[in-house]
>>> print(open('upload-v6.pdb').read())   # PDB, C-alpha atoms
ATOM      1  CA  MET U  16    -103.645 163.963  -7.068
ATOM      2  CA  SER U  17    -103.571 164.898  -3.455
ATOM      3  CA  GLU U  18    -102.139 162.570  -0.788
ATOM      4  CA  PRO U  19    -104.655 160.973   1.557
ATOM      5  CA  LEU U  20    -104.757 162.552   5.032
ATOM      6  CA  GLU U  21    -103.352 160.429   7.827
ATOM      7  CA  GLU U  22    -105.967 159.497  10.379
ATOM      8  CA  GLU U  23    -105.237 160.929  13.824
ATOM      9  CA  GLU U  24    -104.979 158.366  16.567
ATOM     10  CA  GLU U  25    -107.553 158.828  19.249
ATOM     11  CA  GLU U  26    -106.112 159.223  22.724
ATOM     12  CA  GLY U  27    -107.329 156.682  25.236
ATOM     13  CA  PRO U  28    -108.254 157.434  28.859
ATOM     14  CA  PRO U  29    -105.352 158.591  31.065
ATOM     15  CA  ALA U  30    -103.395 155.885  32.777
ATOM     16  CA  PRO U  31    -104.503 155.275  36.354
ATOM     17  CA  PRO U  32    -102.206 156.675  39.049
ATOM     18  CA  PRO U  33     -99.803 154.241  40.677
ATOM     19  CA  PRO U  34    -101.207 152.458  43.723
ATOM     20  CA  PRO U  35    -100.350 153.998  47.100
ATOM     21  CA  PRO U  36     -97.480 152.392  48.978
ATOM     22  CA  PRO U  37     -98.562 149.640  51.373
ATOM     23  CA  PRO U  38     -99.027 150.759  54.991
ATOM     24  CA  PRO U  39     -96.063 150.066  57.260
ATOM     25  CA  ALA U  40     -96.238 146.629  58.775
ATOM     26  CA  ARG U  41     -97.497 146.483  62.360
ATOM     27  CA  PRO U  42     -94.640 145.530  64.670
ATOM     28  CA  SER U  43     -94.705 141.974  65.933
ATOM     29  CA  GLY U  44     -95.140 141.216  69.608
ATOM     30  CA  ALA U  45     -91.394 140.750  69.983
ATOM     31  CA  GLN U  46     -90.621 144.058  68.204
ATOM     32  CA  LEU U  47     -93.190 145.935  70.268
ATOM     33  CA  LEU U  48     -91.809 144.471  73.472
ATOM     34  CA  LYS U  49     -88.217 145.305  72.487
ATOM     35  CA  ALA U  50     -89.130 148.933  71.741
ATOM     36  CA  ALA U  51     -91.139 149.228  74.940
ATOM     37  CA  LEU U  52     -88.362 147.760  77.078
ATOM     38  CA  GLU U  53     -85.947 150.253  75.557
ATOM     39  CA  GLN U  54     -88.304 153.033  76.660
ATOM     40  CA  GLY U  55     -88.253 151.533  80.140
ATOM     41  CA  GLY U  56     -84.445 151.299  80.242
ATOM     42  CA  PRO U  57     -81.755 153.679  81.510
ATOM     43  CA  GLY U  58     -83.636 156.746  80.297
ATOM     44  CA  ALA U  59     -86.582 155.794  82.516
ATOM     45  CA  GLU U  60     -84.188 155.519  85.463
ATOM     46  CA  ASP U  61     -82.981 159.079  84.812
ATOM     47  CA  ASP U  62     -86.611 160.250  84.629
ATOM     48  CA  LEU U  63     -87.277 158.596  87.977
ATOM     49  CA  ARG U  64     -84.287 160.309  89.593
ATOM     50  CA  GLU U  65     -85.431 163.668  88.239
ATOM     51  CA  LEU U  66     -88.925 162.993  89.598
ATOM     52  CA  LEU U  67     -87.482 162.309  93.055
ATOM     53  CA  ARG U  68     -85.349 165.468  92.943
ATOM     54  CA  ARG U  69     -88.399 167.591  92.118
ATOM     55  CA  ARG U  70     -90.421 166.035  94.942
ATOM     56  CA  ARG U  71     -87.591 165.906  97.475
ATOM     57  CA  ALA U  72     -88.786 168.923  99.499
ATOM     58  CA  SER U  73     -92.085 167.169 100.254
ATOM     59  CA  PHE U  74     -90.409 164.167 101.897
ATOM     60  CA  SER U  75     -90.065 164.373 105.695
ATOM     61  CA  GLU U  76     -86.471 164.453 106.946
ATOM     62  CA  HIS U  77     -87.563 162.548 110.044
ATOM     63  CA  LEU U  78     -88.217 159.388 108.037
ATOM     64  CA  LYS U  79     -85.996 156.938 106.213
ATOM     65  CA  TRP U  80     -87.109 156.662 102.586
ATOM     66  CA  LEU U  81     -86.988 153.292 100.840
ATOM     67  CA  LEU U  82     -87.394 153.183  97.046
ATOM     68  CA  PHE U  83     -87.941 149.946  95.154
ATOM     69  CA  ASN U  84     -89.210 149.334  91.646
ATOM     70  CA  HIS U  85     -89.356 146.584  89.036
ATOM     71  CA  PRO U  86     -89.507 148.727  85.857
ATOM     72  CA  VAL U  87     -92.284 148.075  83.385
ATOM     73  CA  PRO U  88     -92.147 148.894  79.653
ATOM     74  CA  SER U  89     -94.117 151.833  78.246
ATOM     75  CA  VAL U  90     -96.766 151.805  75.515
ATOM     76  CA  ILE U  91     -99.009 154.699  74.470
ATOM     77  CA  GLN U  92    -102.656 153.710  74.088
ATOM     78  CA  GLU U  93    -104.747 154.242  70.962
ATOM     79  CA  GLY U  94    -108.271 155.180  71.942
ATOM     80  CA  PRO U  95    -109.837 153.941  75.206
ATOM     81  CA  GLN U  96    -107.358 151.101  75.727
ATOM     82  CA  CYS U  97    -105.972 152.178  79.114
ATOM     83  CA  GLY U  98    -106.837 148.930  80.885
ATOM     84  CA  LEU U  99    -105.561 146.675  78.100
ATOM     85  CA  VAL U 100    -102.345 148.705  77.782
ATOM     86  CA  ALA U 101    -101.797 148.590  81.560
ATOM     87  CA  LEU U 102    -102.345 144.821  81.488
ATOM     88  CA  TRP U 103     -99.885 144.418  78.602
ATOM     89  CA  MET U 104     -97.220 146.411  80.470
ATOM     90  CA  ALA U 105     -97.748 144.329  83.616
ATOM     91  CA  GLY U 106     -97.698 141.046  81.681
ATOM     92  CA  ALA U 107     -94.518 142.007  79.858
ATOM     93  CA  LEU U 108     -92.895 142.596  83.248
ATOM     94  CA  LEU U 109     -93.855 139.126  84.468
ATOM     95  CA  HIS U 110     -92.802 137.243  81.330
ATOM     96  CA  PRO U 111     -90.596 139.345  78.992
ATOM     97  CA  PRO U 112     -89.515 136.377  76.796
ATOM     98  CA  LYS U 113     -93.148 135.473  76.029
ATOM     99  CA  ALA U 114     -93.916 138.298  73.610
ATOM    100  CA  VAL U 115     -97.700 138.585  73.572
ATOM    101  CA  SER U 116     -98.670 141.510  71.352
ATOM    102  CA  LEU U 117    -101.047 144.228  72.480
ATOM    103  CA  GLU U 118    -103.188 143.347  69.445
ATOM    104  CA  GLU U 119    -103.603 139.804  70.817
ATOM    105  CA  VAL U 120    -104.697 141.153  74.197
ATOM    106  CA  VAL U 121    -107.257 143.441  72.512
ATOM    107  CA  GLN U 122    -108.540 140.625  70.258
ATOM    108  CA  VAL U 123    -109.105 138.202  73.133
ATOM    109  CA  ALA U 124    -110.904 140.921  75.122
ATOM    110  CA  LEU U 125    -113.194 141.580  72.150
ATOM    111  CA  GLU U 126    -113.872 137.886  71.524
ATOM    112  CA  ARG U 127    -114.763 137.247  75.180
ATOM    113  CA  GLY U 128    -117.112 140.227  75.292
ATOM    114  CA  TYR U 129    -115.067 142.069  77.917
ATOM    115  CA  THR U 130    -114.821 145.202  75.754
ATOM    116  CA  ALA U 131    -116.293 146.869  72.665
ATOM    117  CA  GLN U 132    -114.030 149.899  72.132
ATOM    118  CA  GLY U 133    -111.000 148.840  74.198
ATOM    119  CA  GLU U 134    -112.530 149.965  77.512
ATOM    120  CA  MET U 135    -112.429 147.766  80.641
ATOM    121  CA  PHE U 136    -115.071 148.602  83.242
ATOM    122  CA  SER U 137    -114.772 145.326  85.146
ATOM    123  CA  ALA U 138    -111.865 144.333  87.400
ATOM    124  CA  ALA U 139    -113.235 140.769  87.408
ATOM    125  CA  ASP U 140    -113.027 140.643  83.599
ATOM    126  CA  MET U 141    -109.530 142.142  83.788
ATOM    127  CA  ALA U 142    -108.447 139.312  86.096
ATOM    128  CA  ARG U 143    -109.943 136.654  83.792
ATOM    129  CA  LEU U 144    -108.321 138.229  80.735
ATOM    130  CA  ALA U 145    -104.927 138.391  82.441
ATOM    131  CA  GLU U 146    -104.985 134.670  83.188
ATOM    132  CA  GLU U 147    -105.963 133.835  79.621
ATOM    133  CA  VAL U 148    -103.365 135.900  77.746
ATOM    134  CA  PHE U 149    -100.420 135.645  80.184
ATOM    135  CA  PRO U 150     -99.094 132.699  82.190
ATOM    136  CA  CYS U 151    -100.084 134.217  85.540
ATOM    137  CA  GLN U 152    -102.508 134.017  88.431
ATOM    138  CA  ALA U 153    -104.675 137.098  88.915
ATOM    139  CA  GLU U 154    -105.985 138.041  92.346
ATOM    140  CA  ARG U 155    -108.818 140.554  92.448
ATOM    141  CA  LEU U 156    -109.023 142.690  95.564
ATOM    142  CA  SER U 157    -112.347 144.236  96.600
ATOM    143  CA  GLY U 158    -113.589 146.306  99.508
ATOM    144  CA  GLY U 159    -111.134 149.177  99.058
ATOM    145  CA  LEU U 160    -107.378 149.632  99.236
ATOM    146  CA  GLU U 161    -107.004 150.066 103.002
ATOM    147  CA  GLY U 162    -106.603 147.556 105.842
ATOM    148  CA  GLN U 163    -105.544 144.062 104.823
ATOM    149  CA  ASN U 164    -105.649 145.010 101.133
ATOM    150  CA  ARG U 165    -103.089 147.771 101.725
ATOM    151  CA  GLU U 166    -100.741 145.288 103.379
ATOM    152  CA  LYS U 167    -101.262 142.809 100.532
ATOM    153  CA  ILE U 168    -100.456 145.507  97.975
ATOM    154  CA  LEU U 169     -97.249 146.655  99.692
ATOM    155  CA  GLN U 170     -95.912 143.120 100.174
ATOM    156  CA  HIS U 171     -96.834 142.329  96.548
ATOM    157  CA  LEU U 172     -94.826 145.322  95.295
ATOM    158  CA  LEU U 173     -91.902 144.489  97.611
ATOM    159  CA  ALA U 174     -91.847 141.081  95.926
ATOM    160  CA  GLY U 175     -91.354 142.851  92.570
ATOM    161  CA  LEU U 176     -94.807 142.016  91.194
ATOM    162  CA  PRO U 177     -97.188 144.336  89.304
ATOM    163  CA  LEU U 178    -100.531 145.731  90.385
ATOM    164  CA  LEU U 179    -103.392 147.073  88.213
ATOM    165  CA  ILE U 180    -105.492 149.874  89.733
ATOM    166  CA  PRO U 181    -108.532 151.718  88.319
ATOM    167  CA  TYR U 182    -108.881 155.375  89.309
ATOM    168  CA  ASP U 183    -110.234 158.702  88.039
ATOM    169  CA  GLU U 184    -107.631 160.423  85.846
ATOM    170  CA  ASP U 185    -107.028 164.177  86.114
ATOM    171  CA  SER U 186    -105.651 166.284  83.235
ATOM    172  CA  ASN U 187    -102.090 165.615  84.493
ATOM    173  CA  HIS U 188    -102.859 161.845  84.642
ATOM    174  CA  GLU U 189    -102.856 161.850  88.463
ATOM    175  CA  PRO U 190    -105.728 160.531  90.599
ATOM    176  CA  CYS U 191    -108.725 162.812  91.090
ATOM    177  CA  LEU U 192    -112.327 162.589  92.291
ATOM    178  CA  ARG U 193    -114.817 162.597  89.388
ATOM    179  CA  ARG U 194    -117.245 159.838  90.518
ATOM    180  CA  GLY U 195    -115.939 157.502  87.810
ATOM    181  CA  TYR U 196    -116.525 159.885  84.888
ATOM    182  CA  LYS U 197    -112.776 159.794  84.113
ATOM    183  CA  ALA U 198    -112.204 156.129  84.973
ATOM    184  CA  HIS U 199    -108.722 155.020  83.892
ATOM    185  CA  TRP U 200    -106.279 152.173  84.607
ATOM    186  CA  ALA U 201    -102.638 152.291  85.748
ATOM    187  CA  VAL U 202     -99.982 149.685  86.426
ATOM    188  CA  VAL U 203     -98.020 150.040  89.666
ATOM    189  CA  SER U 204     -94.567 148.447  89.773
ATOM    190  CA  GLY U 205     -92.893 149.959  92.831
ATOM    191  CA  ALA U 206     -93.177 152.321  95.759
ATOM    192  CA  LEU U 207     -91.445 154.925  97.881
ATOM    193  CA  LEU U 208     -91.980 154.238 101.582
ATOM    194  CA  GLY U 209     -91.329 156.642 104.441
ATOM    195  CA  LEU U 210     -90.210 154.435 107.343
ATOM    196  CA  ARG U 211     -90.258 155.421 111.020
ATOM    197  CA  GLY U 212     -86.971 155.717 112.900
ATOM    198  CA  GLY U 213     -85.580 152.438 114.132
ATOM    199  CA  SER U 214     -87.222 150.456 111.328
ATOM    200  CA  GLN U 215     -85.161 147.579 109.964
ATOM    201  CA  LEU U 216     -84.370 148.171 106.304
ATOM    202  CA  PRO U 217     -84.095 145.321 103.776
ATOM    203  CA  ALA U 218     -80.856 144.967 101.795
ATOM    204  CA  CYS U 219     -80.391 148.386 100.191
ATOM    205  CA  GLN U 220     -77.930 151.161  99.346
ATOM    206  CA  GLU U 221     -78.121 154.821 100.310
ATOM    207  CA  ASP U 222     -78.387 157.310  97.473
ATOM    208  CA  GLU U 223     -75.171 159.272  96.849
ATOM    209  CA  GLU U 224     -76.995 162.517  96.030
ATOM    210  CA  MET U 225     -79.998 162.346  98.365
ATOM    211  CA  PRO U 226     -79.089 161.359 101.946
ATOM    212  CA  GLY U 227     -81.845 159.445 103.699
ATOM    213  CA  LEU U 228     -83.024 157.814 100.468
ATOM    214  CA  PHE U 229     -82.251 154.109 100.170
ATOM    215  CA  HIS U 230     -82.550 151.982  97.029
ATOM    216  CA  ALA U 231     -83.567 148.326  97.150
ATOM    217  CA  THR U 232     -83.920 145.864  94.292
ATOM    218  CA  PRO U 233     -87.037 143.636  94.337
ATOM    219  CA  PRO U 234     -87.724 141.052  95.498
ATOM    220  CA  CYS U 235     -87.267 142.617  98.952
ATOM    221  CA  ALA U 236     -87.860 141.136 102.381
ATOM    222  CA  PRO U 237     -91.360 141.828 103.727
ATOM    223  CA  LEU U 238     -91.808 144.914 105.911
ATOM    224  CA  PRO U 239     -94.156 145.257 108.892
ATOM    225  CA  LEU U 240     -96.933 147.667 107.948
ATOM    226  CA  GLY U 241     -96.533 149.453 111.283
ATOM    227  CA  ALA U 242     -93.095 150.684 110.206
ATOM    228  CA  VAL U 243     -94.530 152.555 107.195
ATOM    229  CA  ALA U 244     -95.532 156.170 107.905
ATOM    230  CA  GLU U 245     -95.993 157.374 104.309
ATOM    231  CA  THR U 246     -96.520 155.552 101.008
ATOM    232  CA  TYR U 247     -96.159 156.713  97.405
ATOM    233  CA  LEU U 248     -96.849 154.439  94.437
ATOM    234  CA  LEU U 249     -94.689 154.368  91.280
ATOM    235  CA  SER U 250     -97.185 154.162  88.453
ATOM    236  CA  LYS U 251     -97.465 154.221  84.678
ATOM    237  CA  GLN U 252    -100.521 154.575  82.459
ATOM    238  CA  GLY U 253    -101.185 154.536  78.734
ATOM    239  CA  LYS U 254    -101.016 158.277  78.030
ATOM    240  CA  SER U 255     -97.382 158.850  79.030
ATOM    241  CA  CYS U 256     -94.115 156.922  78.979
ATOM    242  CA  ARG U 257     -92.977 158.538  82.237
ATOM    243  CA  TYR U 258     -93.348 157.242  85.766
ATOM    244  CA  GLN U 259     -95.488 159.175  88.211
ATOM    245  CA  LEU U 260     -95.310 159.161  92.002
ATOM    246  CA  TRP U 261     -98.747 159.121  93.645
ATOM    247  CA  ASP U 262     -99.647 159.487  97.293
ATOM    248  CA  TYR U 263    -101.270 156.198  98.311
ATOM    249  CA  ARG U 264    -104.146 157.971 100.059
ATOM    250  CA  ARG U 265    -105.047 159.906  96.895
ATOM    251  CA  VAL U 266    -105.081 156.673  94.881
ATOM    252  CA  GLN U 267    -107.200 154.952  97.526
ATOM    253  CA  GLU U 268    -109.713 157.823  97.644
ATOM    254  CA  SER U 269    -109.974 157.994  93.847
ATOM    255  CA  ASN U 270    -110.431 154.229  93.576
ATOM    256  CA  ALA U 271    -113.124 154.243  96.289
ATOM    257  CA  GLN U 272    -115.428 156.713  94.483
ATOM    258  CA  LEU U 273    -115.640 155.033  91.060
ATOM    259  CA  THR U 274    -119.428 154.784  91.021
ATOM    260  CA  ASP U 275    -120.904 156.338  87.850
ATOM    261  CA  PHE U 276    -120.619 155.997  84.090
ATOM    262  CA  SER U 277    -119.637 159.210  82.298
ATOM    263  CA  PRO U 278    -122.705 160.988  80.812
ATOM    264  CA  ARG U 279    -120.473 162.165  77.973
ATOM    265  CA  ARG U 280    -119.660 158.574  77.037
ATOM    266  CA  ALA U 281    -123.273 157.548  77.482
ATOM    267  CA  ALA U 282    -124.267 160.148  74.876
ATOM    268  CA  ASP U 283    -121.492 159.593  72.311
ATOM    269  CA  GLY U 284    -123.416 156.923  70.345
ATOM    270  CA  LYS U 285    -120.827 154.192  70.946
ATOM    271  CA  VAL U 286    -121.338 150.836  72.608
ATOM    272  CA  TYR U 287    -119.449 150.104  75.829
ATOM    273  CA  VAL U 288    -119.342 146.949  77.938
ATOM    274  CA  VAL U 289    -120.393 147.857  81.480
ATOM    275  CA  PRO U 290    -121.399 145.340  84.193
ATOM    276  CA  ALA U 291    -125.060 145.082  85.160
ATOM    277  CA  GLY U 292    -124.279 146.915  88.406
ATOM    278  CA  GLY U 293    -122.484 149.685  86.541
ATOM    279  CA  VAL U 294    -119.079 151.201  87.252
ATOM    280  CA  ARG U 295    -119.648 150.770  90.987
ATOM    281  CA  GLU U 296    -119.893 146.993  90.621
ATOM    282  CA  GLY U 297    -117.077 146.767  88.102
ATOM    283  CA  LEU U 298    -114.365 149.036  89.496
ATOM    284  CA  CYS U 299    -115.155 150.683  92.835
ATOM    285  CA  GLY U 300    -112.727 149.695  95.596
ATOM    286  CA  GLN U 301    -111.053 147.046  93.432
ATOM    287  CA  ALA U 302    -107.579 146.233  92.126
ATOM    288  CA  VAL U 303    -105.859 143.271  90.458
ATOM    289  CA  LEU U 304    -102.604 141.667  91.616
ATOM    290  CA  LEU U 305    -100.697 139.563  89.082
ATOM    291  CA  HIS U 306     -98.649 136.590  90.309
ATOM    292  CA  PRO U 307     -96.370 134.360  88.205
ATOM    293  CA  LEU U 308     -97.458 130.754  87.893
ATOM    294  CA  PRO U 309     -95.674 128.365  90.271
ATOM    295  CA  ALA U 310     -92.554 126.920  88.679
TER     296      ALA U 310
END
>>> encode(input="upload-v6.pdb", output="structure tokens")
Amino acid sequence: MSEPLEEEEEEGPPAPPPPPPPPPARPSGAQLLKAALEQGGPGAEDDLRELLRRRRASFSEHLKWLLFNHPVPSVIQEGPQCGLVALWMAGALLHPPKAVSLEEVVQVALERGYTAQGEMFSAADMARLAEEVFPCQAERLSGGLEGQNREKILQHLLAGLPLLIPYDEDSNHEPCLRRGYKAHWAVVSGALLGLRGGSQLPACQEDEEMPGLFHATPPCAPLPLGAVAETYLLSKQGKSCRYQLWDYRRVQESNAQLTDFSPRRAADGKVYVVPAGGVREGLCGQAVLLHPLPA
């Protein structure tokens, strides 16, 4: 009598693959600020010195050169967040212990209807947003960056306070003239001033390697505008961690011709928040000064 055949066990479906690892946690506001401040530390000072060495030949020997800067942290933007990133850098300079995350700044801007993709085409909205997310007073300048506004800007920077400026960004991140098609935001935290002979310098120290260059630490005593022959702005923006040195006139000219919305953006199928009067109403000839709240 033959033995009964053993029934073969049917194989079930293959086991599902293990779940993917969870995405890395987004850094908290405090962690982001700590990392950004480290990027704006001694290494940034070395970058600034190298920048001055490269540009040294363009500085007139007949002027005294005064450099002052209140360093801001660096953050690289994701998408069209240049204005929000510039605001975050400026706010972190004013109140480093109060770690407001960039995500919070973006969220408030979205909730208030100031932005749809991260863009900021309104200096007035930028000023309102600044006052909501940071303990500061925002002063919006209009009518261009010359005359009384130029004096306000220089005294503001001498006091060690940040400035937000919209401009057209060239491929090297410097100001250019594109009618607003390449509208971008930068934070300005210092300046290099060429002072006429006989001008009274604030408390400062002459550079050991570059004679005629004097370093001052903000806040500095106010300077009469008539003593300033040349002005360069120390600026950062969201596409590079390095400082750039921009001729004030080039910044002023770029800021003054922000009039049109980019046709490329208009045709990309995305929604953007633009004032009723367009880029001209929102950005042209404007800037935002940030002041700490009175103690």
>>> residues_around(input="upload-v6.pdb", residues="segment 126-129 of chain U", least_positions_apart="3", cutoff="7 Å", atoms="only C-alpha atoms", output="list in words")
Gln122, Val123, Met135, Asp140 and Val288 of chain U
>>> resolve_selection(input="upload-v6.pdb", expression="the PyMOL selection byres ((chain U and resi 262) around 7)", output="list in words")
Thr246, Tyr247, Leu248, Leu260, Trp261, Tyr263, Arg264, Arg265 and Val266 of chain U
>>> resolve_selection(input="upload-v6.pdb", expression="the PyMOL selection byres ((chain U and resi 268-280) around 9)", output="JSON, numbers by chain")
{"U": [158, 159, 160, 180, 181, 182, 183, 184, 190, 191, 192, 193, 194, 195, 196, 197, 198, 263, 264, 265, 266, 267, 281, 282, 283, 284, 285, 287, 289, 293, 294, 295, 296, 297, 298, 299, 300, 301, 302]}
>>> residues_around(input="upload-v6.pdb", residues="Lys167 of chain U", least_positions_apart="3", cutoff="12 Å", atoms="only C-alpha atoms", output="PyMOL selection string")
chain U and resi 154-157+159-164+170-174+176+178+237-240+302-305
>>> residues_near_point(input="upload-v6.pdb", point="(-95.1, 137.5, 83.5)", cutoff="9 Å", atoms="all atoms listed in the file", output="JSON, numbers by chain")
{"U": [105, 106, 107, 108, 109, 110, 111, 112, 113, 149, 150, 151, 176, 305, 306, 307, 308]}
>>> resolve_selection(input="upload-v6.pdb", expression="the PyMOL selection byres ((chain U and resi 76-85) around 7)", output="PDB file with C-alpha atoms, keeping the file's coordinate frame")
ATOM      1  CA  PHE U  74     -90.409 164.167 101.897  1.00  0.00           C
ATOM      2  CA  SER U  75     -90.065 164.373 105.695  1.00  0.00           C
ATOM      3  CA  PRO U  86     -89.507 148.727  85.857  1.00  0.00           C
ATOM      4  CA  VAL U  87     -92.284 148.075  83.385  1.00  0.00           C
ATOM      5  CA  GLY U 175     -91.354 142.851  92.570  1.00  0.00           C
ATOM      6  CA  SER U 204     -94.567 148.447  89.773  1.00  0.00           C
ATOM      7  CA  GLY U 205     -92.893 149.959  92.831  1.00  0.00           C
ATOM      8  CA  ALA U 206     -93.177 152.321  95.759  1.00  0.00           C
ATOM      9  CA  LEU U 207     -91.445 154.925  97.881  1.00  0.00           C
ATOM     10  CA  LEU U 208     -91.980 154.238 101.582  1.00  0.00           C
ATOM     11  CA  GLY U 209     -91.329 156.642 104.441  1.00  0.00           C
ATOM     12  CA  LEU U 210     -90.210 154.435 107.343  1.00  0.00           C
ATOM     13  CA  ARG U 211     -90.258 155.421 111.020  1.00  0.00           C
ATOM     14  CA  GLY U 212     -86.971 155.717 112.900  1.00  0.00           C
ATOM     15  CA  GLY U 227     -81.845 159.445 103.699  1.00  0.00           C
ATOM     16  CA  LEU U 228     -83.024 157.814 100.468  1.00  0.00           C
ATOM     17  CA  PHE U 229     -82.251 154.109 100.170  1.00  0.00           C
ATOM     18  CA  HIS U 230     -82.550 151.982  97.029  1.00  0.00           C
ATOM     19  CA  ALA U 231     -83.567 148.326  97.150  1.00  0.00           C
ATOM     20  CA  THR U 232     -83.920 145.864  94.292  1.00  0.00           C
ATOM     21  CA  PRO U 233     -87.037 143.636  94.337  1.00  0.00           C
TER      22      PRO U 233
END
>>> residues_around(input="upload-v6.pdb", residues="Ala201 of chain U", least_positions_apart="2", cutoff="6 Å", atoms="only C-alpha atoms", output="PyMOL selection string")
chain U and resi 101+179-180+251-252
>>> axis_aligned_box(input="upload-v6.pdb", around="segment 211-223 of chain U", padding_each_side="5 Å", output="JSON")
{"center_x": -82.7, "center_y": 152.1, "center_z": 105.5, "size_x": 25.1, "size_y": 24.3, "size_z": 27.3}
>>> atom_distance(input="upload-v6.pdb", atom1="atom CA of Gln220 of chain U", atom2="atom CA of Cys235 of chain U")
12.7 Å
>>> residues_around(input="upload-v6.pdb", residues="Gly253 of chain U", least_positions_apart="3", cutoff="8 Å", atoms="all atoms listed in the file", output="PyMOL selection string")
chain U and resi 89-92+96-97+100-101+201+256
>>> write_last_selection(input="upload-v6.pdb", atoms="C-alpha atoms", output="PDB file, keeping the file's coordinate frame")
ATOM      1  CA  SER U  89     -94.117 151.833  78.246  1.00  0.00           C
ATOM      2  CA  VAL U  90     -96.766 151.805  75.515  1.00  0.00           C
ATOM      3  CA  ILE U  91     -99.009 154.699  74.470  1.00  0.00           C
ATOM      4  CA  GLN U  92    -102.656 153.710  74.088  1.00  0.00           C
ATOM      5  CA  GLN U  96    -107.358 151.101  75.727  1.00  0.00           C
ATOM      6  CA  CYS U  97    -105.972 152.178  79.114  1.00  0.00           C
ATOM      7  CA  VAL U 100    -102.345 148.705  77.782  1.00  0.00           C
ATOM      8  CA  ALA U 101    -101.797 148.590  81.560  1.00  0.00           C
ATOM      9  CA  ALA U 201    -102.638 152.291  85.748  1.00  0.00           C
ATOM     10  CA  CYS U 256     -94.115 156.922  78.979  1.00  0.00           C
TER      11      CYS U 256
END
>>> closest_residue(input="upload-v6.pdb", among="U:Ser116, U:Leu169, U:Ser186, U:Trp200", to="Pro234 of chain U", atoms="all atoms listed in the file")
U:Leu169
>>> atom_distance(input="upload-v6.pdb", atom1="atom CA of Ser250 of chain U", atom2="atom CA of Val202 of chain U")
5.7 Å
>>> atom_distance(input="upload-v6.pdb", atom1="atom CA of Met104 of chain U", atom2="atom CA of Leu66 of chain U")
20.7 Å
>>> closest_residue(input="upload-v6.pdb", among="U:Ala138, U:Cys219, U:Leu102, U:Ala114", to="Val203 of chain U", atoms="all atoms listed in the file")
U:Leu102
>>> closest_residue(input="upload-v6.pdb", among="U:Glu223, U:Glu189, U:Glu93, U:Glu134", to="Leu117 of chain U", atoms="all atoms listed in the file")
U:Glu93
>>> decode(input="upload-v6.pdb", residues="segment 284-294 of chain U", atoms="N, CA, C and O atoms", output="PDB file, in the first residue's frame")
ATOM      1  N   GLY U 284       2.352  79.528 -15.351  1.00  0.00           N
ATOM      2  CA  GLY U 284       1.190  78.816 -14.827  1.00  0.00           C
ATOM      3  C   GLY U 284       1.037  78.874 -13.326  1.00  0.00           C
ATOM      4  O   GLY U 284       0.092  78.294 -12.778  1.00  0.00           O
ATOM      5  N   LYS U 285       1.930  79.570 -12.634  1.00  0.00           N
ATOM      6  CA  LYS U 285       1.851  79.678 -11.174  1.00  0.00           C
ATOM      7  C   LYS U 285       1.175  80.980 -10.771  1.00  0.00           C
ATOM      8  O   LYS U 285       1.100  81.925 -11.551  1.00  0.00           O
ATOM      9  N   VAL U 286       0.678  80.984  -9.546  1.00  0.00           N
ATOM     10  CA  VAL U 286       0.014  82.173  -9.009  1.00  0.00           C
ATOM     11  C   VAL U 286       1.036  82.971  -8.201  1.00  0.00           C
ATOM     12  O   VAL U 286       1.780  82.412  -7.392  1.00  0.00           O
ATOM     13  N   TYR U 287       1.078  84.275  -8.421  1.00  0.00           N
ATOM     14  CA  TYR U 287       1.945  85.156  -7.646  1.00  0.00           C
ATOM     15  C   TYR U 287       1.107  86.301  -7.089  1.00  0.00           C
ATOM     16  O   TYR U 287       0.116  86.713  -7.701  1.00  0.00           O
ATOM     17  N   VAL U 288       1.519  86.806  -5.934  1.00  0.00           N
ATOM     18  CA  VAL U 288       0.823  87.937  -5.318  1.00  0.00           C
ATOM     19  C   VAL U 288       1.548  89.213  -5.735  1.00  0.00           C
ATOM     20  O   VAL U 288       2.686  89.456  -5.328  1.00  0.00           O
ATOM     21  N   VAL U 289       0.882  90.015  -6.550  1.00  0.00           N
ATOM     22  CA  VAL U 289       1.452  91.262  -7.058  1.00  0.00           C
ATOM     23  C   VAL U 289       0.458  92.382  -6.748  1.00  0.00           C
ATOM     24  O   VAL U 289      -0.756  92.202  -6.934  1.00  0.00           O
ATOM     25  N   PRO U 290       0.911  93.532  -6.262  1.00  0.00           N
ATOM     26  CA  PRO U 290      -0.024  94.631  -5.970  1.00  0.00           C
ATOM     27  C   PRO U 290      -0.815  95.050  -7.203  1.00  0.00           C
ATOM     28  O   PRO U 290      -0.407  94.785  -8.346  1.00  0.00           O
ATOM     29  N   ALA U 291      -1.926  95.727  -6.973  1.00  0.00           N
ATOM     30  CA  ALA U 291      -2.781  96.168  -8.077  1.00  0.00           C
ATOM     31  C   ALA U 291      -2.008  97.038  -9.063  1.00  0.00           C
ATOM     32  O   ALA U 291      -2.239  96.984 -10.273  1.00  0.00           O
ATOM     33  N   GLY U 292      -1.083  97.836  -8.557  1.00  0.00           N
ATOM     34  CA  GLY U 292      -0.276  98.706  -9.412  1.00  0.00           C
ATOM     35  C   GLY U 292       0.967  98.040  -9.950  1.00  0.00           C
ATOM     36  O   GLY U 292       1.842  98.726 -10.516  1.00  0.00           O
ATOM     37  N   GLY U 293       1.067  96.719  -9.761  1.00  0.00           N
ATOM     38  CA  GLY U 293       2.185  95.970 -10.317  1.00  0.00           C
ATOM     39  C   GLY U 293       3.484  96.133  -9.539  1.00  0.00           C
ATOM     40  O   GLY U 293       3.518  96.647  -8.417  1.00  0.00           O
ATOM     41  N   VAL U 294       4.567  95.699 -10.165  1.00  0.00           N
ATOM     42  CA  VAL U 294       5.895  95.768  -9.544  1.00  0.00           C
ATOM     43  C   VAL U 294       6.283  97.224  -9.275  1.00  0.00           C
ATOM     44  O   VAL U 294       6.925  97.530  -8.273  1.00  0.00           O
TER      45      VAL U 294
END
